[in-house]
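A.B. asks: This is the structure, below, for whatever I ask next.
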Amino acid sequence: MSLNWKAGGLLLGLVFFAAVLLVKPIGVSTQFVIVDGIIGDLVNPDLVSQTDDGITSTNAYLAKSGGKYAKSVADPLNYSFIFVLAMMLGGFLSAMARGGVGQSERSIPEVWRANFGDSTFKRYAVSFLGGFVVLYGARLAGGCTSGHMMSGMMQTALSGYIFAAGAFAAAIPVSILMFRKEA
């Protein structure tokens, strides 16, 4: 039960359009900061505090923008946090509706095996490292891939197009270098 890429693209575009029209542009990397803040606040209860001016933090990053992130740490049940939880739940429900995740989807892809061998640890480590680098860069730039590229381009923001061009300009040569052997 797979979805044709054209239908999937159209549905994704409609979801992004509805999100911007009804709530706000989609972007999720900030929620990693919020989860970090929640964990940090559990370890150090003084991390986020209420003042006469509102909620703030001893952490400069959480306190910036008038304590915007600190407010989300203090009360994480907001649209963006629920959206991230809903994405995970939606992915799980979709997999279950298809009858679960099959062995072929859980195994190492042939193109990976041809280039790097059978080590699942190596595959997971490289995937984690790649995701970490992308997330770190996105947060360093003050946004995320979905916020900059997908939502940004949909709103015809120049930064969205520049980010997309940069992402593909980096991803294509890296893929060519990593996957020299074909499956």
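Residues are named by chain letter and number: chains run A, B, ... in the order of the structure tokens, numbers start at 1 in each chain, and ligands are numbered from 1 in the order shown.
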Which residues come within 12 Å of Ala19 (chain A), counting only C-alpha atoms, excluding same-chain residues fewer than 3 positions away, as a list in words?
C.D. replies: Leu12, Gly13, Leu14, Val15, Phe16, Leu22, Val23, Lys24, Pro25, Ile26, Gly27, Tyr79, Ser80, Phe83, Gly147, Met150, Ser151, Met154 and Gln155 of chain A
A.B. asks: Keeping only all heavy atoms, take the residues you just selected and write them out as a CSV table (one decimal), in the first residue's frame.
C.D. replies:
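Once everything was written out, this is out.csv:
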```csv
chain,number,residue,atom,x,y,z
A,12,LEU,N,1.2,16.4,0.5
A,12,LEU,CA,2.1,17.1,1.3
A,12,LEU,C,1.9,18.6,1.1
A,12,LEU,O,1.9,19.4,2.1
A,12,LEU,CB,3.5,16.7,1.0
A,12,LEU,CG,4.6,17.4,1.9
A,12,LEU,CD1,4.4,17.0,3.4
A,12,LEU,CD2,6.0,16.9,1.4
A,13,GLY,N,1.8,19.1,-0.1
A,13,GLY,CA,1.6,20.5,-0.4
A,13,GLY,C,0.3,21.0,0.2
A,13,GLY,O,0.3,22.1,0.7
A,14,LEU,N,-0.8,20.2,0.1
A,14,LEU,CA,-2.0,20.6,0.7
A,14,LEU,C,-1.9,20.7,2.2
A,14,LEU,O,-2.5,21.7,2.8
A,14,LEU,CB,-3.1,19.6,0.3
A,14,LEU,CG,-3.6,19.7,-1.2
A,14,LEU,CD1,-4.5,18.6,-1.5
A,14,LEU,CD2,-4.1,21.0,-1.6
A,15,VAL,N,-1.2,19.8,2.8
A,15,VAL,CA,-1.0,19.9,4.3
A,15,VAL,C,-0.3,21.1,4.7
A,15,VAL,O,-0.6,21.8,5.6
A,15,VAL,CB,-0.3,18.6,4.8
A,15,VAL,CG1,0.1,18.8,6.2
A,15,VAL,CG2,-1.3,17.4,4.7
A,16,PHE,N,0.8,21.4,3.9
A,16,PHE,CA,1.6,22.6,4.2
A,16,PHE,C,0.7,23.9,4.0
A,16,PHE,O,0.8,24.8,4.8
A,16,PHE,CB,2.8,22.7,3.3
A,16,PHE,CG,4.0,22.1,4.0
A,16,PHE,CD1,4.2,20.7,3.9
A,16,PHE,CD2,5.0,22.8,4.6
A,16,PHE,CE1,5.3,20.1,4.5
A,16,PHE,CE2,6.1,22.3,5.2
A,16,PHE,CZ,6.3,20.9,5.2
A,22,LEU,N,-4.2,28.0,8.3
A,22,LEU,CA,-5.0,27.9,9.5
A,22,LEU,C,-4.2,28.2,10.8
A,22,LEU,O,-4.7,28.7,11.7
A,22,LEU,CB,-5.5,26.5,9.6
A,22,LEU,CG,-6.5,26.0,8.5
A,22,LEU,CD1,-6.8,24.6,8.6
A,22,LEU,CD2,-7.7,26.9,8.5
A,23,VAL,N,-2.9,27.9,10.8
A,23,VAL,CA,-2.1,28.1,12.0
A,23,VAL,C,-0.9,28.9,11.8
A,23,VAL,O,-0.8,30.1,12.1
A,23,VAL,CB,-1.8,26.8,12.7
A,23,VAL,CG1,-1.1,27.0,14.1
A,23,VAL,CG2,-3.0,25.9,12.8
A,24,LYS,N,0.2,28.3,11.3
A,24,LYS,CA,1.5,28.9,11.0
A,24,LYS,C,2.3,28.0,10.2
A,24,LYS,O,2.0,26.8,10.0
A,24,LYS,CB,2.2,29.3,12.3
A,24,LYS,CG,2.6,28.1,13.1
A,24,LYS,CD,3.4,28.6,14.4
A,24,LYS,CE,4.1,27.4,15.0
A,24,LYS,NZ,5.0,27.8,16.0
A,25,PRO,N,3.4,28.5,9.6
A,25,PRO,CA,4.3,27.6,8.8
A,25,PRO,C,4.8,26.4,9.6
A,25,PRO,O,5.0,26.5,10.9
A,25,PRO,CB,5.4,28.5,8.4
A,25,PRO,CG,4.9,29.9,8.5
A,25,PRO,CD,3.9,29.8,9.6
A,26,ILE,N,5.0,25.3,9.0
A,26,ILE,CA,5.5,24.1,9.6
A,26,ILE,C,7.0,24.2,9.8
A,26,ILE,O,7.8,24.6,8.9
A,26,ILE,CB,5.2,22.8,8.8
A,26,ILE,CG1,3.7,22.6,8.8
A,26,ILE,CG2,5.9,21.6,9.3
A,26,ILE,CD1,3.2,21.5,8.0
A,27,GLY,N,7.5,23.8,11.0
A,27,GLY,CA,8.9,23.8,11.4
A,27,GLY,C,9.0,23.0,12.7
A,27,GLY,O,8.2,23.3,13.6
A,79,TYR,N,1.1,24.2,19.9
A,79,TYR,CA,0.8,23.7,18.6
A,79,TYR,C,2.0,22.9,18.1
A,79,TYR,O,1.9,21.8,17.6
A,79,TYR,CB,0.5,24.8,17.6
A,79,TYR,CG,0.5,24.4,16.2
A,79,TYR,CD1,-0.5,23.7,15.6
A,79,TYR,CD2,1.6,24.8,15.4
A,79,TYR,CE1,-0.4,23.3,14.3
A,79,TYR,CE2,1.7,24.4,14.1
A,79,TYR,CZ,0.7,23.7,13.5
A,79,TYR,OH,0.7,23.3,12.2
A,80,SER,N,3.2,23.5,18.2
A,80,SER,CA,4.4,22.8,17.6
A,80,SER,C,4.8,21.5,18.3
A,80,SER,O,5.1,20.5,17.6
A,80,SER,CB,5.6,23.8,17.6
A,80,SER,OG,5.3,24.9,16.8
A,83,PHE,N,2.3,19.0,17.3
A,83,PHE,CA,2.5,18.6,15.9
A,83,PHE,C,3.6,17.6,15.8
A,83,PHE,O,3.5,16.6,15.1
A,83,PHE,CB,2.9,19.9,15.1
A,83,PHE,CG,3.1,19.6,13.7
A,83,PHE,CD1,2.1,19.5,12.8
A,83,PHE,CD2,4.4,19.5,13.2
A,83,PHE,CE1,2.3,19.2,11.5
A,83,PHE,CE2,4.6,19.3,11.8
A,83,PHE,CZ,3.6,19.1,11.0
A,147,GLY,N,11.2,24.2,8.0
A,147,GLY,CA,10.8,25.6,8.1
A,147,GLY,C,11.5,26.5,7.0
A,147,GLY,O,10.8,27.3,6.4
A,150,MET,N,10.9,24.0,3.0
A,150,MET,CA,9.5,23.6,2.6
A,150,MET,C,8.6,24.8,2.8
A,150,MET,O,7.9,25.3,1.9
A,150,MET,CB,9.1,22.3,3.2
A,150,MET,CG,10.0,21.2,2.8
A,150,MET,SD,9.6,19.7,3.6
A,150,MET,CE,8.2,19.1,2.7
A,151,SER,N,8.5,25.2,4.1
A,151,SER,CA,7.6,26.3,4.4
A,151,SER,C,8.0,27.6,3.7
A,151,SER,O,7.2,28.4,3.2
A,151,SER,CB,7.4,26.5,5.9
A,151,SER,OG,6.7,25.4,6.4
A,154,MET,N,7.3,27.6,0.0
A,154,MET,CA,5.9,27.8,-0.2
A,154,MET,C,5.4,29.2,0.0
A,154,MET,O,4.5,29.6,-0.7
A,154,MET,CB,5.1,26.8,0.7
A,154,MET,CG,3.7,26.7,0.4
A,154,MET,SD,2.8,25.7,1.6
A,154,MET,CE,2.7,26.8,3.0
A,155,GLN,N,6.1,29.9,0.8
A,155,GLN,CA,5.7,31.3,1.1
A,155,GLN,C,6.5,32.3,0.2
A,155,GLN,O,6.5,33.5,0.3
A,155,GLN,CB,6.0,31.7,2.5
A,155,GLN,CG,5.1,30.9,3.5
A,155,GLN,CD,5.5,31.2,4.9
A,155,GLN,OE1,5.1,32.2,5.5
A,155,GLN,NE2,6.3,30.3,5.5
```
A.B. asks: Just the number, please: distance in Å from CA of Asp36 (chain A) to CA of Gly90 (chain A), one decimal.
C.D. replies: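 Those two atoms sit 23.0 Å apart.
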A.B. asks: Using only C-alpha atoms, tabulate the residues of region 8-53 of chain A lying at most 10 Å from any atom of region 123-135 of chain A, each with its closest atom pair and that distance in Å to one decimal, by chain and increasing residue number, as a Markdown table.
C.D. replies:
```
| residue | atom | partner | partner_atom | distance |
| --- | --- | --- | --- | --- |
| A:Ser29 | CA | A:Leu135 | CA | 6.9 |
| A:Thr30 | CA | A:Leu135 | CA | 9.6 |
| A:Phe32 | CA | A:Leu135 | CA | 9.0 |
```
A.B. asks: Selection from above, N, CA and C atoms, as a short mmCIF file (atom, residue, chain, number, x, y, z; two decimals), in the first residue's frame, can you write it?
C.D. replies:
```cif
data_model
loop_
_atom_site.label_atom_id
_atom_site.label_comp_id
_atom_site.auth_asym_id
_atom_site.auth_seq_id
_atom_site.Cartn_x
_atom_site.Cartn_y
_atom_site.Cartn_z
N SER A 29 12.31 21.77 14.30
CA SER A 29 13.58 21.59 15.02
C SER A 29 13.60 22.32 16.35
N THR A 30 12.85 23.39 16.50
CA THR A 30 12.79 24.11 17.77
C THR A 30 12.32 23.19 18.89
N PHE A 32 13.21 20.26 19.52
CA PHE A 32 14.35 19.58 20.14
C PHE A 32 14.93 20.45 21.25
#
```
A.B. asks: Using DSSP on the backbone, list every residue of region 110-158 of chain A that comes out as alpha helix (DSSP H), and give them as JSON, numbers by chain.
C.D. replies: {"A": [110, 111, 112, 113, 114, 115, 116, 120, 121, 122, 123, 124, 125, 126, 127, 128, 129, 130, 131, 132, 133, 134, 135, 136, 137, 138, 139, 140, 145, 152, 153, 154, 158]}
A.B. asks: Find the residues of region 127-159 of chain A that sit at most 12 Å from region 61-65 of chain A; for each, write down the nearest two atoms and how far apart they are in Å, to one decimal. Count only C-alpha atoms. Sort by chain, then by number going up, and give it as a Markdown table.
C.D. replies:
```
| residue | atom | partner | partner_atom | distance |
| --- | --- | --- | --- | --- |
| A:Arg139 | CA | A:Tyr61 | CA | 10.9 |
| A:Leu140 | CA | A:Tyr61 | CA | 11.2 |
| A:Gly142 | CA | A:Tyr61 | CA | 11.0 |
```
A.B. asks: Can I get the selection written as a PDB file, in the first residue's frame, with all heavy atoms?
C.D. replies:
```pdb
ATOM      1  N   ARG A 139      19.687  24.615  13.625  1.00  0.00           N
ATOM      2  CA  ARG A 139      19.515  25.429  14.831  1.00  0.00           C
ATOM      3  C   ARG A 139      20.506  26.584  14.844  1.00  0.00           C
ATOM      4  O   ARG A 139      20.185  27.680  15.288  1.00  0.00           O
ATOM      5  CB  ARG A 139      19.675  24.587  16.092  1.00  0.00           C
ATOM      6  CG  ARG A 139      18.583  23.563  16.310  1.00  0.00           C
ATOM      7  CD  ARG A 139      17.167  24.094  16.150  1.00  0.00           C
ATOM      8  NE  ARG A 139      16.872  25.294  16.881  1.00  0.00           N
ATOM      9  CZ  ARG A 139      15.929  26.166  16.548  1.00  0.00           C
ATOM     10  NH1 ARG A 139      15.168  25.958  15.506  1.00  0.00           N
ATOM     11  NH2 ARG A 139      15.718  27.232  17.263  1.00  0.00           N
ATOM     12  N   LEU A 140      21.705  26.360  14.346  1.00  0.00           N
ATOM     13  CA  LEU A 140      22.707  27.416  14.268  1.00  0.00           C
ATOM     14  C   LEU A 140      22.208  28.539  13.350  1.00  0.00           C
ATOM     15  O   LEU A 140      22.443  29.727  13.610  1.00  0.00           O
ATOM     16  CB  LEU A 140      24.021  26.837  13.737  1.00  0.00           C
ATOM     17  CG  LEU A 140      25.279  27.654  13.914  1.00  0.00           C
ATOM     18  CD1 LEU A 140      25.565  27.883  15.391  1.00  0.00           C
ATOM     19  CD2 LEU A 140      26.453  26.916  13.285  1.00  0.00           C
ATOM     20  N   GLY A 142      19.103  29.240  12.993  1.00  0.00           N
ATOM     21  CA  GLY A 142      17.868  29.785  13.550  1.00  0.00           C
ATOM     22  C   GLY A 142      16.608  29.239  12.911  1.00  0.00           C
ATOM     23  O   GLY A 142      15.583  29.910  12.897  1.00  0.00           O
TER      24      GLY A 142
END
```
A.B. asks: In Å, with one decimal, what is the gap from CA of Gln103 (chain A) to CA of Leu89 (chain A)?
C.D. replies: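 So the two atoms, CA of Gln103 (chain A) and CA of Leu89 (chain A), lie 20.9 Å apart.
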A.B. asks: Mind giving me the straight-line distance from CA of Ile108 (chain A) to CA of Ala170 (chain A) in Å, one decimal?
C.D. replies: 23.8 Å
